[in-house]
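Beneath this line is the structure, given in structure tokens, with notes to follow.
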Amino acid sequence: MGEPTFPPLLQGYGVTGAMDPFDQAQAQAALGCDAGLVVHNVQADRLRAAMVFAPEVPLDQAMVMLPACGIGFQNALGALAPPEVAVHLEWAGGIRVNGASCGFFQAASSGTDGSQAPDWLVIGLEVPFIQPSNAPGLTPDQTALYDEGCVDIDPAQLLESWARHMLVWINRWSDEGTGPLHREWMGLAHGVGEAATVGDQAGTFVGVDEHFGMLLRDDKTTHLIPLRMILKGHAP
């Protein structure tokens with residue numbers, strides 16, 4: 001695995017061993033690093049990475065970076081994986097490959113007020129290439145990329161591809177608004193039309209609003225659950 005390279009707008013920052021890029025990215029953001037920092041830990045069995053954003057819009061609008069990163073990952077894996085590999089995205093950040101859980105996105109920010117622009121927003125990615133030796137068969141709803149036929153994909157290569165595709169979607173959002181993102185994401189969404197529970201709200205997941213808040217319908221009404229509710233450390 002070579003050292004990953006990134007487009008000019010992004011800066012790579014590699015960590016090794018047990019260091020968590022998601023935690024490191026939050027620490028760097030709190031210290032005032034530039035937006036576009038990609039902290040990564042590329043290992044043979046899994047890819048972990050996190051990107052730092054400096055939003056200029058309120059948090060509820062800035063959370064669109066989560067689905068933008070997810071779509072970028074789907075596009076990246078779709079370009080590298082065999083054609084029969086299907087990738088879908090869960091509302092709260094989970095990644096599904098051929099129907100099974102295969103990694104996730106997570107998010108953290110400097111604040112949780114949806115009406116205020118945070119100082120920073122970090123989106124983290126973790127995806128397994130190899131399952132733990134005791135996992136196959138014991139967790140049929142979980143998988144890893146090598147189990148799904150992606151044995152020729154190098155983790156660093158996937159990281160580079162994700163960064164490029166992610167930037168494409170962020171630029172589209174900047175130029176065209178949330179419309180293209182919304183249409184693309186709905187075609188990849190996992191669980192729409194199915195039962196869902198978020199916090200103390202339960203119902204049927206019927207879609208998302210313009211800022212990707214979950215629309216959860218119960219017997220009486222449709223509840224809007226802002227996407228910021230999935231932020232690390234956010235109390236529902």
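Ordered as shown in the structure tokens, chains take letters A, B, and onward, while each chain numbers its residues from 1 and ligands are numbered from 1 in the order shown.
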Within 10 Å of Trp185 in chain A using only C-alpha atoms, minus same-chain residues under 5 positions, as a list in words: Pro67, Ala68, Gly70, Ile71, Gln74, His88, Leu89, Glu90, Trp91, Gly179, Pro180, His190, Val208 and Phe212 of chain A
If you run DSSP on this backbone, which residues of range 117-224 of chain A come out as strand (DSSP E or B), and could you give them as number ranges by chain? A: 121-128, 142, 189, 195-198, 201-208, 214-217, 222-224
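Minimum atom-to-atom distance to Thr221 in chain A, evaluated using only C-alpha atoms, belongs to A:Ala202 out of A:Val15, A:Ala202, A:Ala117, A:Ala30.
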Quick one: everything within 10 Å of Asn98 in chain A, counting only C-alpha atoms, minus sequence neighbours fewer than 2 positions away in the same chain. Send it as a PyMOL selection string. chain A and resi 84-88+95-96+100-102+143+145+148
When you count only C-alpha atoms, which of these residues is closest to Thr5 in chain A: A:Ala108, A:Ala163, A:Arg48, A:Gly36? A:Ala163
